[in-house]
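Participant: File coords.cif below, mmCIF, C-alpha atoms:
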data_query
loop_
_atom_site.label_atom_id
_atom_site.label_comp_id
_atom_site.auth_asym_id
_atom_site.auth_seq_id
_atom_site.Cartn_x
_atom_site.Cartn_y
_atom_site.Cartn_z
CA MET M 15 18.76 5.42 5.53
CA ALA M 16 18.78 9.25 5.58
CA ARG M 17 15.19 9.22 6.82
CA GLU M 18 15.98 6.90 9.73
CA ARG M 19 18.88 9.08 10.81
CA PHE M 20 16.84 12.27 10.68
CA ALA M 21 14.08 10.47 12.60
CA GLN M 22 16.37 9.13 15.30
CA GLN M 23 18.71 12.07 15.76
CA GLY M 24 16.51 14.99 14.82
CA TYR M 25 17.25 17.41 12.00
CA ALA M 26 19.77 19.63 13.77
CA ALA M 27 22.00 16.79 15.02
CA THR M 28 22.06 14.93 11.70
CA SER M 29 24.90 15.68 9.28
CA VAL M 30 25.22 14.91 5.59
CA ARG M 31 28.69 13.58 6.40
CA GLY M 32 27.25 11.14 8.96
CA ILE M 33 24.69 9.85 6.49
CA ALA M 34 27.35 9.50 3.78
CA THR M 35 29.70 7.63 6.11
CA ALA M 36 26.91 5.26 7.19
CA ALA M 37 26.14 4.64 3.51
CA GLY M 38 29.82 4.05 2.76
CA VAL M 39 30.11 6.92 0.27
CA ASP M 40 31.89 10.26 0.16
CA SER M 41 29.81 13.18 1.47
CA ALA M 42 30.66 15.18 -1.67
CA LEU M 43 28.75 12.55 -3.63
CA VAL M 44 25.69 12.98 -1.44
CA HIS M 45 25.88 16.76 -1.84
CA HIS M 46 26.25 16.34 -5.59
CA TYR M 47 23.15 14.20 -5.94
CA PHE M 48 20.90 15.69 -3.27
CA GLY M 49 22.09 19.28 -2.73
CA THR M 50 21.87 20.79 0.74
CA LYS M 51 21.04 19.01 3.99
CA GLU M 52 17.50 20.36 3.73
CA ASP M 53 17.23 19.01 0.16
CA LEU M 54 18.38 15.62 1.41
CA PHE M 55 15.86 15.77 4.24
CA VAL M 56 13.04 16.58 1.81
CA ALA M 57 14.15 13.79 -0.54
CA SER M 58 14.21 11.36 2.38
CA LEU M 59 10.51 12.03 3.04
CA GLU M 60 9.73 10.57 -0.42
CA LEU M 61 6.71 12.78 -1.04
CA ARG M 62 5.24 13.49 -4.45
CA ILE M 63 5.61 17.25 -4.13
CA ASP M 64 8.28 19.30 -2.44
CA PRO M 65 6.59 20.52 0.76
CA ARG M 66 8.56 23.78 0.48
CA VAL M 67 6.27 24.95 -2.34
CA ILE M 68 3.27 24.82 -0.02
CA ALA M 69 3.93 27.79 2.28
CA PRO M 70 4.03 30.42 -0.50
CA THR M 71 0.74 29.07 -1.90
CA ILE M 72 -0.91 29.43 1.48
CA THR M 73 0.35 32.89 2.26
CA ALA M 74 -0.17 34.37 -1.23
CA GLY M 75 -3.71 35.53 -0.36
CA GLY M 76 -2.61 37.27 2.84
CA ARG M 77 -3.47 36.70 6.50
CA GLU M 78 -7.24 36.62 6.19
CA GLU M 79 -7.31 33.90 3.55
CA ALA M 80 -4.65 31.67 5.04
CA GLY M 81 -6.99 29.49 7.10
CA GLU M 82 -9.13 28.63 4.11
CA ARG M 83 -6.11 28.00 1.90
CA LEU M 84 -4.55 25.70 4.49
CA VAL M 85 -7.66 23.55 4.78
CA ARG M 86 -8.27 23.43 1.02
CA LEU M 87 -4.68 22.48 0.27
CA LEU M 88 -4.60 19.80 2.97
CA LEU M 89 -7.75 18.22 1.52
CA SER M 90 -6.59 18.42 -2.09
CA VAL M 91 -3.28 16.71 -1.29
CA TRP M 92 -4.84 14.00 0.88
CA ASP M 93 -7.83 13.43 -1.42
CA ASP M 94 -5.31 12.53 -4.15
CA GLU M 95 -4.66 8.81 -3.84
CA GLU M 96 -1.09 8.90 -5.09
CA SER M 97 -0.09 11.68 -2.70
CA ARG M 98 -1.82 10.00 0.20
CA LEU M 99 0.21 6.82 0.29
CA PRO M 100 3.63 8.24 1.28
CA LEU M 101 1.90 10.68 3.66
CA MET M 102 0.16 7.81 5.41
CA GLY M 103 3.55 6.29 6.16
CA LEU M 104 4.75 9.59 7.60
CA VAL M 105 1.72 9.95 9.86
CA ARG M 106 2.15 6.40 11.10
CA SER M 107 5.75 7.21 12.06
CA VAL M 108 4.47 9.59 14.76
CA PHE M 109 3.38 6.50 16.69
CA GLU M 110 6.78 4.85 16.58
CA PRO M 111 8.91 6.10 19.49
CA GLU M 112 12.12 6.31 17.47
CA SER M 113 10.62 8.49 14.74
CA ARG M 114 8.04 10.44 16.76
CA ALA M 115 9.73 13.75 15.98
CA LEU M 116 10.18 13.28 12.23
CA VAL M 117 6.81 14.46 10.97
CA PRO M 118 6.38 17.39 13.36
CA GLU M 119 9.90 18.47 12.54
CA ALA M 120 9.34 18.14 8.81
CA PHE M 121 6.02 19.95 8.73
CA GLY M 122 7.06 22.53 11.27
CA ARG M 123 10.29 23.30 9.44
CA LEU M 124 9.07 23.12 5.87
CA ILE M 125 5.48 24.35 5.98
CA LEU M 126 4.08 25.73 9.24
CA GLY M 127 7.19 27.69 10.27
CA PRO M 128 7.45 29.53 6.94
CA VAL M 129 3.69 30.20 6.92
CA GLY M 130 3.87 31.70 10.41
CA ASP M 131 6.83 33.83 9.42
CA ALA M 132 5.30 35.05 6.18
CA LEU M 133 2.04 36.01 7.89
CA GLU M 134 3.98 37.76 10.67
CA LEU M 135 1.85 36.13 13.35
CA ASP M 136 2.22 36.94 17.01
CA GLU M 137 3.05 33.76 18.94
CA PRO M 138 3.62 31.81 15.70
CA GLU M 139 4.62 28.55 17.38
CA ARG M 140 1.61 28.46 19.63
CA ARG M 141 -0.76 29.36 16.81
CA MET M 142 0.78 26.85 14.45
CA THR M 143 0.45 23.97 16.90
CA LEU M 144 -3.24 24.86 17.32
CA VAL M 145 -3.63 24.82 13.53
CA ALA M 146 -1.77 21.53 13.33
CA SER M 147 -3.97 20.00 16.05
CA GLN M 148 -7.04 20.55 13.87
CA LEU M 149 -5.44 19.53 10.58
CA VAL M 150 -3.98 16.34 12.05
CA GLY M 151 -7.38 15.44 13.48
CA ILE M 152 -8.96 15.80 10.03
CA VAL M 153 -6.28 13.54 8.56
CA VAL M 154 -6.73 10.86 11.22
CA LEU M 155 -10.53 10.78 11.04
CA ARG M 156 -11.10 11.28 7.30
CA TYR M 157 -8.18 9.34 5.82
CA VAL M 158 -6.74 6.98 8.40
CA ALA M 159 -9.78 5.80 10.41
CA GLN M 160 -12.19 6.76 7.57
CA ILE M 161 -15.05 7.74 9.85
CA GLU M 162 -18.37 8.67 8.27
CA PRO M 163 -19.82 11.14 7.51
CA LEU M 164 -16.40 12.86 7.52
CA ALA M 165 -14.72 10.36 5.18
CA SER M 166 -17.03 11.01 2.24
CA ALA M 167 -18.00 14.64 2.88
CA PRO M 168 -17.33 16.90 -0.12
CA ALA M 169 -14.07 18.80 0.27
CA GLU M 170 -15.79 22.18 -0.12
CA THR M 171 -18.18 21.44 2.76
CA LEU M 172 -15.20 20.68 4.94
CA VAL M 173 -13.41 23.84 3.80
CA ALA M 174 -16.48 25.85 4.84
CA THR M 175 -16.63 24.01 8.17
CA TYR M 176 -12.99 24.09 9.18
CA ALA M 177 -11.63 27.29 7.58
CA PRO M 178 -13.14 29.64 10.22
CA VAL M 179 -11.68 27.51 13.02
CA VAL M 180 -8.21 27.38 11.49
CA GLN M 181 -8.41 31.11 10.73
CA GLY M 182 -9.29 31.71 14.38
CA TYR M 183 -6.21 29.82 15.49
CA LEU M 184 -4.09 31.87 13.07
CA THR M 185 -5.35 35.37 13.71
CA GLY M 186 -8.08 35.30 16.37
CA PRO M 187 -7.72 36.21 20.05
CA LEU M 188 -5.96 33.63 22.24
CA PRO M 189 -6.62 33.10 25.96
CA MET Y 28 -8.69 -12.31 22.21
CA ALA Y 29 -12.06 -10.53 22.53
CA ARG Y 30 -10.42 -7.26 21.55
CA GLU Y 31 -8.92 -8.75 18.38
CA ARG Y 32 -12.27 -10.17 17.33
CA PHE Y 33 -14.10 -6.89 17.90
CA ALA Y 34 -11.33 -5.12 16.00
CA GLN Y 35 -11.38 -7.47 13.04
CA GLN Y 36 -15.10 -8.12 12.71
CA GLY Y 37 -16.58 -4.92 14.09
CA TYR Y 38 -18.88 -4.75 17.08
CA ALA Y 39 -22.13 -5.77 15.39
CA ALA Y 40 -20.75 -8.90 13.72
CA THR Y 41 -18.96 -10.17 16.83
CA SER Y 42 -20.84 -12.55 19.13
CA VAL Y 43 -20.08 -13.57 22.70
CA ARG Y 44 -20.62 -17.15 21.54
CA GLY Y 45 -17.94 -16.77 18.84
CA ILE Y 46 -15.44 -15.37 21.33
CA ALA Y 47 -16.23 -18.16 23.81
CA THR Y 48 -15.84 -20.84 21.14
CA ALA Y 49 -12.51 -19.39 20.03
CA ALA Y 50 -11.37 -19.37 23.67
CA GLY Y 51 -12.55 -22.96 24.10
CA VAL Y 52 -15.06 -22.16 26.85
CA ASP Y 53 -18.83 -22.15 27.18
CA SER Y 54 -20.49 -18.84 26.33
CA ALA Y 55 -22.47 -18.99 29.61
CA LEU Y 56 -19.13 -18.74 31.40
CA VAL Y 57 -18.19 -15.61 29.45
CA HIS Y 58 -21.58 -14.06 30.23
CA HIS Y 59 -21.16 -14.97 33.89
CA TYR Y 60 -17.78 -13.28 34.20
CA PHE Y 61 -18.19 -10.35 31.84
CA GLY Y 62 -21.93 -9.65 31.61
CA THR Y 63 -23.37 -8.42 28.33
CA LYS Y 64 -21.63 -8.17 24.98
CA GLU Y 65 -21.11 -4.45 25.60
CA ASP Y 66 -19.59 -5.20 29.02
CA LEU Y 67 -17.22 -7.66 27.36
CA PHE Y 68 -16.33 -5.09 24.72
CA VAL Y 69 -15.59 -2.48 27.40
CA ALA Y 70 -13.50 -4.98 29.39
CA SER Y 71 -11.55 -5.86 26.22
CA LEU Y 72 -10.45 -2.23 25.87
CA GLU Y 73 -8.59 -2.55 29.19
CA LEU Y 74 -9.08 1.06 30.22
CA ARG Y 75 -8.80 2.32 33.77
CA ILE Y 76 -12.30 3.76 33.83
CA ASP Y 77 -15.47 2.53 32.20
CA PRO Y 78 -15.96 4.90 29.24
CA ARG Y 79 -19.72 4.68 29.73
CA VAL Y 80 -19.51 6.92 32.80
CA ILE Y 81 -18.16 9.76 30.66
CA ALA Y 82 -21.23 10.76 28.64
CA PRO Y 83 -23.43 11.61 31.67
CA THR Y 84 -20.62 13.73 33.12
CA ILE Y 85 -20.36 15.70 29.90
CA THR Y 86 -24.05 16.25 29.40
CA ALA Y 87 -24.90 17.04 33.04
CA GLY Y 88 -24.32 20.77 32.50
CA GLY Y 89 -26.57 20.96 29.43
CA ARG Y 90 -25.88 21.82 25.80
CA GLU Y 91 -24.04 25.07 26.33
CA GLU Y 92 -21.45 23.62 28.69
CA ALA Y 93 -20.82 20.40 26.82
CA GLY Y 94 -17.92 21.68 24.71
CA GLU Y 95 -15.98 22.85 27.72
CA ARG Y 96 -16.71 19.68 29.66
CA LEU Y 97 -15.57 17.51 26.77
CA VAL Y 98 -12.23 19.30 26.45
CA ARG Y 99 -11.62 19.40 30.20
CA LEU Y 100 -12.40 15.71 30.65
CA LEU Y 101 -10.24 14.70 27.69
CA LEU Y 102 -7.28 16.60 29.17
CA SER Y 103 -7.78 15.29 32.70
CA VAL Y 104 -7.88 11.68 31.51
CA TRP Y 105 -4.88 12.03 29.18
CA ASP Y 106 -2.86 14.16 31.61
CA ASP Y 107 -3.06 11.26 34.07
CA GLU Y 108 -0.11 9.01 33.35
CA GLU Y 109 -1.78 5.75 34.37
CA SER Y 110 -4.84 6.40 32.23
CA ARG Y 111 -2.72 7.45 29.27
CA LEU Y 112 -0.88 4.20 28.73
CA PRO Y 113 -3.79 1.96 27.68
CA LEU Y 114 -5.27 4.83 25.67
CA MET Y 115 -2.03 5.22 23.75
CA GLY Y 116 -2.32 1.60 22.65
CA LEU Y 117 -5.86 2.21 21.46
CA VAL Y 118 -4.89 5.29 19.47
CA ARG Y 119 -2.05 3.38 17.82
CA SER Y 120 -4.49 0.69 16.72
CA VAL Y 121 -6.15 3.19 14.36
CA PHE Y 122 -3.03 2.90 12.20
CA GLU Y 123 -3.19 -0.88 11.94
CA PRO Y 124 -5.45 -1.88 9.04
CA GLU Y 125 -7.01 -4.84 10.87
CA SER Y 126 -8.05 -2.75 13.90
CA ARG Y 127 -8.71 0.62 12.24
CA ALA Y 128 -12.38 0.57 13.25
CA LEU Y 129 -11.93 -0.41 16.90
CA VAL Y 130 -11.33 2.98 18.48
CA PRO Y 131 -13.86 4.94 16.43
CA GLU Y 132 -16.43 2.23 17.14
CA ALA Y 133 -15.64 2.21 20.85
CA PHE Y 134 -15.67 5.96 21.30
CA GLY Y 135 -18.60 6.50 18.98
CA ARG Y 136 -20.68 3.83 20.67
CA LEU Y 137 -19.72 4.45 24.28
CA ILE Y 138 -19.13 8.19 24.51
CA LEU Y 139 -19.90 10.37 21.52
CA GLY Y 140 -23.15 8.66 20.50
CA PRO Y 141 -24.70 8.92 23.98
CA VAL Y 142 -23.52 12.55 24.27
CA GLY Y 143 -25.13 13.43 20.95
CA ASP Y 144 -28.36 11.71 21.96
CA ALA Y 145 -28.52 13.28 25.42
CA LEU Y 146 -27.93 16.77 24.01
CA GLU Y 147 -30.56 16.16 21.31
CA LEU Y 148 -28.29 17.56 18.62
CA ASP Y 149 -29.42 17.98 15.05
CA GLU Y 150 -27.09 15.97 12.76
CA PRO Y 151 -25.46 14.24 15.73
CA GLU Y 152 -23.14 12.02 13.68
CA ARG Y 153 -21.81 14.89 11.63
CA ARG Y 154 -21.31 17.10 14.68
CA MET Y 155 -19.68 14.35 16.67
CA THR Y 156 -17.12 13.56 13.95
CA LEU Y 157 -16.22 17.27 13.87
CA VAL Y 158 -15.76 17.21 17.64
CA ALA Y 159 -13.72 14.03 17.39
CA SER Y 160 -11.50 15.54 14.68
CA GLN Y 161 -10.42 18.30 17.08
CA LEU Y 162 -10.07 16.07 20.15
CA VAL Y 163 -8.02 13.47 18.27
CA GLY Y 164 -5.72 16.20 16.97
CA ILE Y 165 -5.10 17.41 20.53
CA VAL Y 166 -4.26 13.87 21.60
CA VAL Y 167 -1.85 13.30 18.71
CA LEU Y 168 0.00 16.59 19.13
CA ARG Y 169 0.05 16.94 22.91
CA TYR Y 170 0.49 13.33 24.02
CA VAL Y 171 1.75 11.25 21.11
CA ALA Y 172 4.07 13.58 19.19
CA GLN Y 173 4.53 15.85 22.26
CA ILE Y 174 4.88 19.06 20.28
CA GLU Y 175 5.70 22.26 22.13
CA PRO Y 176 4.24 24.59 23.24
CA LEU Y 177 1.12 22.36 23.19
CA ALA Y 178 2.68 19.50 25.15
CA SER Y 179 3.37 21.53 28.27
CA ALA Y 180 0.58 24.12 28.06
CA PRO Y 181 -1.55 24.28 31.25
CA ALA Y 182 -4.77 22.31 30.84
CA GLU Y 183 -6.91 25.35 31.68
CA THR Y 184 -5.33 27.40 28.89
CA LEU Y 185 -6.18 24.63 26.46
CA VAL Y 186 -9.73 24.40 27.80
CA ALA Y 187 -10.14 28.13 27.17
CA THR Y 188 -8.66 27.76 23.68
CA TYR Y 189 -10.49 24.69 22.47
CA ALA Y 190 -13.84 24.78 24.29
CA PRO Y 191 -15.38 27.46 22.01
CA VAL Y 192 -14.34 25.49 18.92
CA VAL Y 193 -15.75 22.22 20.22
CA GLN Y 194 -18.90 24.03 21.35
CA GLY Y 195 -19.25 25.47 17.85
CA TYR Y 196 -19.08 21.98 16.36
CA LEU Y 197 -21.74 20.80 18.83
CA THR Y 198 -24.28 23.60 18.62
CA GLY Y 199 -23.09 26.25 16.15
CA PRO Y 200 -24.29 26.71 12.57
CA LEU Y 201 -22.97 24.20 10.02
CA PRO Y 202 -22.44 24.90 6.32
#
Would you mind writing the file out in structure tokens?
Facilitator:
Amino acid sequence: MARERFAQQGYAATSVRGIATAAGVDSALVHHYFGTKEDLFVASLELRIDPRVIAPTITAGGREEAGERLVRLLLSVWDDEESRLPLMGLVRSVFEPESRALVPEAFGRLILGPVGDALELDEPERRMTLVASQLVGIVVLRYVAQIEPLASAPAETLVATYAPVVQGYLTGPLP
Amino acid sequence: MARERFAQQGYAATSVRGIATAAGVDSALVHHYFGTKEDLFVASLELRIDPRVIAPTITAGGREEAGERLVRLLLSVWDDEESRLPLMGLVRSVFEPESRALVPEAFGRLILGPVGDALELDEPERRMTLVASQLVGIVVLRYVAQIEPLASAPAETLVATYAPVVQGYLTGPLP
């Protein structure tokens, strides 16, 4: 219910009051159980971990380690079968016109935006979409389509392969 | 009909005879109208151009230009609205369990495999899945999810950004 509304209307245009009304309950009740609008949004994603804990983990080692940390964390979350299932549903939603914006909005708002801010990148939005374009491709080929030899490559080999590329998108020169 | 069978059974296990039988026609008729099994497979993808013309275009400039040519060709095909529509359907099919293998099989067999062979790459399968992981990510972010600033970036800026990465996957050192 909340997830559909965020997907259809976008985060900014969705109100806790609107969701509460549609659910036939008082908005104070929704606030009581879920907290802020962002908390409700996160809960609606139904992930195993709160994605807001990810950005500090990635930026803790500073700018020069962030690429490697991003790739390693992506692989560790997706390699875990229980985490993968709800994420798979989220990725699929990108291909449904009415929820196309949900995942980019969620990951932009909750993970990539804060990472870009914490690392004080120049052109953070541009850099973060480049990063996302590589990470999403890994997800689609390794976990969704399960293409070999990528699907069964050891995570550390992939970290060594992809970290320099992601680091380049974060802090390298851009055309 | 043919496309569903290729999707469900994979290319190798699908026969022209089986498709003809399921369609209630003689297999000679299918051969007459469509040619070889590969021709039938290509026709079943319903694309605007025959994907088999792509590999020679990419490899014509030799190994050191192949990364740039791959990125530029990907963008020119997807930036064209009429070409994009059937491709969008193919990309979506990766998320349907029964047709997960169709797109990777098609693009591996018809484009990436021949490119890897023509360039005489070491570890062609590994390198080509790395290339695909970046190209697929561009497609998902720029055309499917339409994330800014990637969605409206000029093609030539993206060629300059992504070509060195794709070239590195093709001919650079691997861990």
Participant: Report as a tab-separated table the residues of range 144-176 of chain Y within 12 Å of range 71-84 of chain Y, each with its shortest atom pair and distance in Å (one decimal), using all atoms listed in the file, ordered by chain and increasing residue number.
Facilitator:
residue	atom	partner	partner_atom	distance
Y:Asp144	CA	Y:Ala82	CA	9.8
Y:Ala145	CA	Y:Pro83	CA	8.2
Y:Leu146	CA	Y:Ala82	CA	10.1
Participant: With C-alpha atoms retained, export the selected residues as a tab-separated table (two decimals), in the coordinates of the input.
Facilitator:
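Result file again-v5.tsv:
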chain	number	residue	atom	x	y	z
Y	144	ASP	CA	-28.36	11.71	21.96
Y	145	ALA	CA	-28.52	13.28	25.42
Y	146	LEU	CA	-27.93	16.77	24.01
Participant: Report as a ChimeraX atom specification the residues that result from applying the PyMOL selection byres ((chain Y) within 10 of (chain M)) to the structure here.
Facilitator: /Y:115-116,118-124,126-132,135,152-169,171-178,180,183-189,191-193,195-196,200-202
Participant: Hey, what's within 8 Å of Ser103 in chain Y if we count only C-alpha atoms and toss same-chain stuff fewer than 4 positions away? As a PyMOL selection string, please?
Facilitator: chain Y and resi 99+107+182
Participant: Give me the least-squares superposed chain M (reference chain Y; all C-alpha atoms paired in order) as a CSV table (one decimal) with C-alpha atoms, keeping the file's coordinate frame.
Facilitator:
chain,number,residue,atom,x,y,z
M,15,MET,CA,-8.7,-12.3,22.2
M,16,ALA,CA,-12.0,-10.5,22.6
M,17,ARG,CA,-10.4,-7.3,21.5
M,18,GLU,CA,-8.9,-8.7,18.4
M,19,ARG,CA,-12.3,-10.2,17.3
M,20,PHE,CA,-14.1,-6.9,17.9
M,21,ALA,CA,-11.3,-5.1,16.0
M,22,GLN,CA,-11.4,-7.5,13.0
M,23,GLN,CA,-15.1,-8.1,12.7
M,24,GLY,CA,-16.6,-4.9,14.1
M,25,TYR,CA,-18.9,-4.8,17.1
M,26,ALA,CA,-22.2,-5.8,15.4
M,27,ALA,CA,-20.8,-8.9,13.7
M,28,THR,CA,-19.0,-10.2,16.8
M,29,SER,CA,-20.8,-12.6,19.1
M,30,VAL,CA,-20.1,-13.6,22.7
M,31,ARG,CA,-20.6,-17.2,21.6
M,32,GLY,CA,-17.9,-16.8,18.9
M,33,ILE,CA,-15.4,-15.4,21.3
M,34,ALA,CA,-16.2,-18.2,23.8
M,35,THR,CA,-15.8,-20.8,21.2
M,36,ALA,CA,-12.4,-19.4,20.0
M,37,ALA,CA,-11.3,-19.4,23.7
M,38,GLY,CA,-12.5,-22.9,24.1
M,39,VAL,CA,-15.0,-22.1,26.9
M,40,ASP,CA,-18.7,-22.2,27.2
M,41,SER,CA,-20.4,-18.9,26.3
M,42,ALA,CA,-22.4,-19.0,29.6
M,43,LEU,CA,-19.1,-18.7,31.4
M,44,VAL,CA,-18.1,-15.6,29.5
M,45,HIS,CA,-21.5,-14.1,30.2
M,46,HIS,CA,-21.1,-15.0,33.9
M,47,TYR,CA,-17.8,-13.3,34.2
M,48,PHE,CA,-18.2,-10.3,31.9
M,49,GLY,CA,-21.9,-9.7,31.6
M,50,THR,CA,-23.4,-8.4,28.3
M,51,LYS,CA,-21.6,-8.2,25.0
M,52,GLU,CA,-21.1,-4.5,25.6
M,53,ASP,CA,-19.6,-5.2,29.0
M,54,LEU,CA,-17.2,-7.7,27.4
M,55,PHE,CA,-16.3,-5.1,24.7
M,56,VAL,CA,-15.6,-2.5,27.4
M,57,ALA,CA,-13.5,-5.0,29.4
M,58,SER,CA,-11.6,-5.9,26.2
M,59,LEU,CA,-10.5,-2.2,25.9
M,60,GLU,CA,-8.6,-2.6,29.2
M,61,LEU,CA,-9.1,1.1,30.2
M,62,ARG,CA,-8.8,2.3,33.8
M,63,ILE,CA,-12.3,3.8,33.8
M,64,ASP,CA,-15.5,2.5,32.2
M,65,PRO,CA,-16.0,4.9,29.2
M,66,ARG,CA,-19.8,4.7,29.7
M,67,VAL,CA,-19.6,6.9,32.8
M,68,ILE,CA,-18.2,9.7,30.7
M,69,ALA,CA,-21.2,10.8,28.6
M,70,PRO,CA,-23.4,11.6,31.7
M,71,THR,CA,-20.6,13.7,33.1
M,72,ILE,CA,-20.4,15.7,29.9
M,73,THR,CA,-24.1,16.3,29.4
M,74,ALA,CA,-24.9,17.1,33.0
M,75,GLY,CA,-24.3,20.8,32.5
M,76,GLY,CA,-26.6,21.0,29.4
M,77,ARG,CA,-25.9,21.8,25.8
M,78,GLU,CA,-24.0,25.1,26.3
M,79,GLU,CA,-21.4,23.6,28.7
M,80,ALA,CA,-20.8,20.4,26.8
M,81,GLY,CA,-17.9,21.7,24.7
M,82,GLU,CA,-16.0,22.9,27.7
M,83,ARG,CA,-16.7,19.7,29.7
M,84,LEU,CA,-15.6,17.5,26.8
M,85,VAL,CA,-12.2,19.3,26.4
M,86,ARG,CA,-11.6,19.4,30.2
M,87,LEU,CA,-12.4,15.7,30.6
M,88,LEU,CA,-10.2,14.7,27.7
M,89,LEU,CA,-7.3,16.6,29.2
M,90,SER,CA,-7.8,15.3,32.7
M,91,VAL,CA,-7.9,11.7,31.5
M,92,TRP,CA,-4.9,12.0,29.2
M,93,ASP,CA,-2.9,14.1,31.6
M,94,ASP,CA,-3.1,11.2,34.1
M,95,GLU,CA,-0.1,9.0,33.3
M,96,GLU,CA,-1.8,5.7,34.4
M,97,SER,CA,-4.9,6.4,32.2
M,98,ARG,CA,-2.7,7.4,29.3
M,99,LEU,CA,-0.9,4.2,28.7
M,100,PRO,CA,-3.8,1.9,27.7
M,101,LEU,CA,-5.3,4.8,25.7
M,102,MET,CA,-2.0,5.2,23.7
M,103,GLY,CA,-2.3,1.6,22.6
M,104,LEU,CA,-5.9,2.2,21.5
M,105,VAL,CA,-4.9,5.3,19.4
M,106,ARG,CA,-2.1,3.4,17.8
M,107,SER,CA,-4.5,0.7,16.7
M,108,VAL,CA,-6.2,3.2,14.4
M,109,PHE,CA,-3.1,2.9,12.2
M,110,GLU,CA,-3.2,-0.9,11.9
M,111,PRO,CA,-5.5,-1.9,9.0
M,112,GLU,CA,-7.1,-4.8,10.9
M,113,SER,CA,-8.1,-2.7,13.9
M,114,ARG,CA,-8.7,0.6,12.2
M,115,ALA,CA,-12.4,0.6,13.2
M,116,LEU,CA,-12.0,-0.4,16.9
M,117,VAL,CA,-11.4,3.0,18.5
M,118,PRO,CA,-13.9,5.0,16.4
M,119,GLU,CA,-16.4,2.3,17.1
M,120,ALA,CA,-15.7,2.2,20.8
M,121,PHE,CA,-15.7,6.0,21.3
M,122,GLY,CA,-18.6,6.5,19.0
M,123,ARG,CA,-20.7,3.8,20.7
M,124,LEU,CA,-19.7,4.5,24.3
M,125,ILE,CA,-19.2,8.2,24.5
M,126,LEU,CA,-19.9,10.4,21.5
M,127,GLY,CA,-23.2,8.7,20.5
M,128,PRO,CA,-24.7,8.9,24.0
M,129,VAL,CA,-23.5,12.6,24.3
M,130,GLY,CA,-25.1,13.5,21.0
M,131,ASP,CA,-28.4,11.7,22.0
M,132,ALA,CA,-28.5,13.3,25.4
M,133,LEU,CA,-27.9,16.8,24.0
M,134,GLU,CA,-30.6,16.2,21.3
M,135,LEU,CA,-28.3,17.6,18.6
M,136,ASP,CA,-29.4,18.0,15.0
M,137,GLU,CA,-27.1,16.0,12.7
M,138,PRO,CA,-25.4,14.3,15.7
M,139,GLU,CA,-23.1,12.1,13.7
M,140,ARG,CA,-21.8,14.9,11.6
M,141,ARG,CA,-21.3,17.1,14.7
M,142,MET,CA,-19.7,14.4,16.6
M,143,THR,CA,-17.1,13.6,13.9
M,144,LEU,CA,-16.2,17.3,13.9
M,145,VAL,CA,-15.8,17.2,17.6
M,146,ALA,CA,-13.7,14.0,17.4
M,147,SER,CA,-11.5,15.6,14.7
M,148,GLN,CA,-10.4,18.3,17.1
M,149,LEU,CA,-10.1,16.1,20.1
M,150,VAL,CA,-8.0,13.5,18.3
M,151,GLY,CA,-5.7,16.2,17.0
M,152,ILE,CA,-5.1,17.4,20.5
M,153,VAL,CA,-4.3,13.8,21.6
M,154,VAL,CA,-1.9,13.3,18.7
M,155,LEU,CA,0.0,16.6,19.1
M,156,ARG,CA,0.1,16.9,22.9
M,157,TYR,CA,0.5,13.3,24.0
M,158,VAL,CA,1.7,11.2,21.1
M,159,ALA,CA,4.1,13.5,19.2
M,160,GLN,CA,4.5,15.8,22.3
M,161,ILE,CA,4.9,19.0,20.3
M,162,GLU,CA,5.7,22.2,22.2
M,163,PRO,CA,4.2,24.6,23.2
M,164,LEU,CA,1.1,22.3,23.2
M,165,ALA,CA,2.7,19.5,25.2
M,166,SER,CA,3.4,21.5,28.3
M,167,ALA,CA,0.6,24.1,28.1
M,168,PRO,CA,-1.5,24.2,31.2
M,169,ALA,CA,-4.8,22.3,30.8
M,170,GLU,CA,-6.9,25.3,31.7
M,171,THR,CA,-5.3,27.4,28.9
M,172,LEU,CA,-6.2,24.6,26.5
M,173,VAL,CA,-9.7,24.4,27.8
M,174,ALA,CA,-10.1,28.1,27.2
M,175,THR,CA,-8.6,27.8,23.7
M,176,TYR,CA,-10.5,24.7,22.5
M,177,ALA,CA,-13.8,24.8,24.3
M,178,PRO,CA,-15.4,27.5,22.0
M,179,VAL,CA,-14.3,25.5,18.9
M,180,VAL,CA,-15.7,22.2,20.2
M,181,GLN,CA,-18.9,24.0,21.3
M,182,GLY,CA,-19.2,25.5,17.8
M,183,TYR,CA,-19.1,22.0,16.4
M,184,LEU,CA,-21.7,20.8,18.8
M,185,THR,CA,-24.3,23.6,18.6
M,186,GLY,CA,-23.1,26.3,16.2
M,187,PRO,CA,-24.3,26.7,12.6
M,188,LEU,CA,-23.0,24.2,10.0
M,189,PRO,CA,-22.4,24.9,6.3
Participant: For Arg44 in chain Y, please output as a PyMOL selection string all residues within 8 Å (counting only C-alpha atoms; exclusion window: fewer than 3 positions along the same chain).
Facilitator: chain Y and resi 47-48+53-54
Participant: Print the selection's residues with C-alpha atoms to a file, as an mmCIF file, in the frame of the given file.
Facilitator:
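Here's the written file selection22.cif:
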data_model
loop_
_atom_site.group_PDB
_atom_site.id
_atom_site.type_symbol
_atom_site.label_atom_id
_atom_site.label_comp_id
_atom_site.auth_asym_id
_atom_site.auth_seq_id
_atom_site.Cartn_x
_atom_site.Cartn_y
_atom_site.Cartn_z
ATOM 1 C CA ALA Y 47 -16.230 -18.160 23.810
ATOM 2 C CA THR Y 48 -15.840 -20.840 21.140
ATOM 3 C CA ASP Y 53 -18.830 -22.150 27.180
ATOM 4 C CA SER Y 54 -20.490 -18.840 26.330
#
Participant: Evaluating the PyMOL selection byres ((chain Y and resi 89) around 12) on the displayed file yields which residues, as a PyMOL selection string?
Facilitator: chain Y and resi 82-88+90-97+142-143+145-148+194+197-198
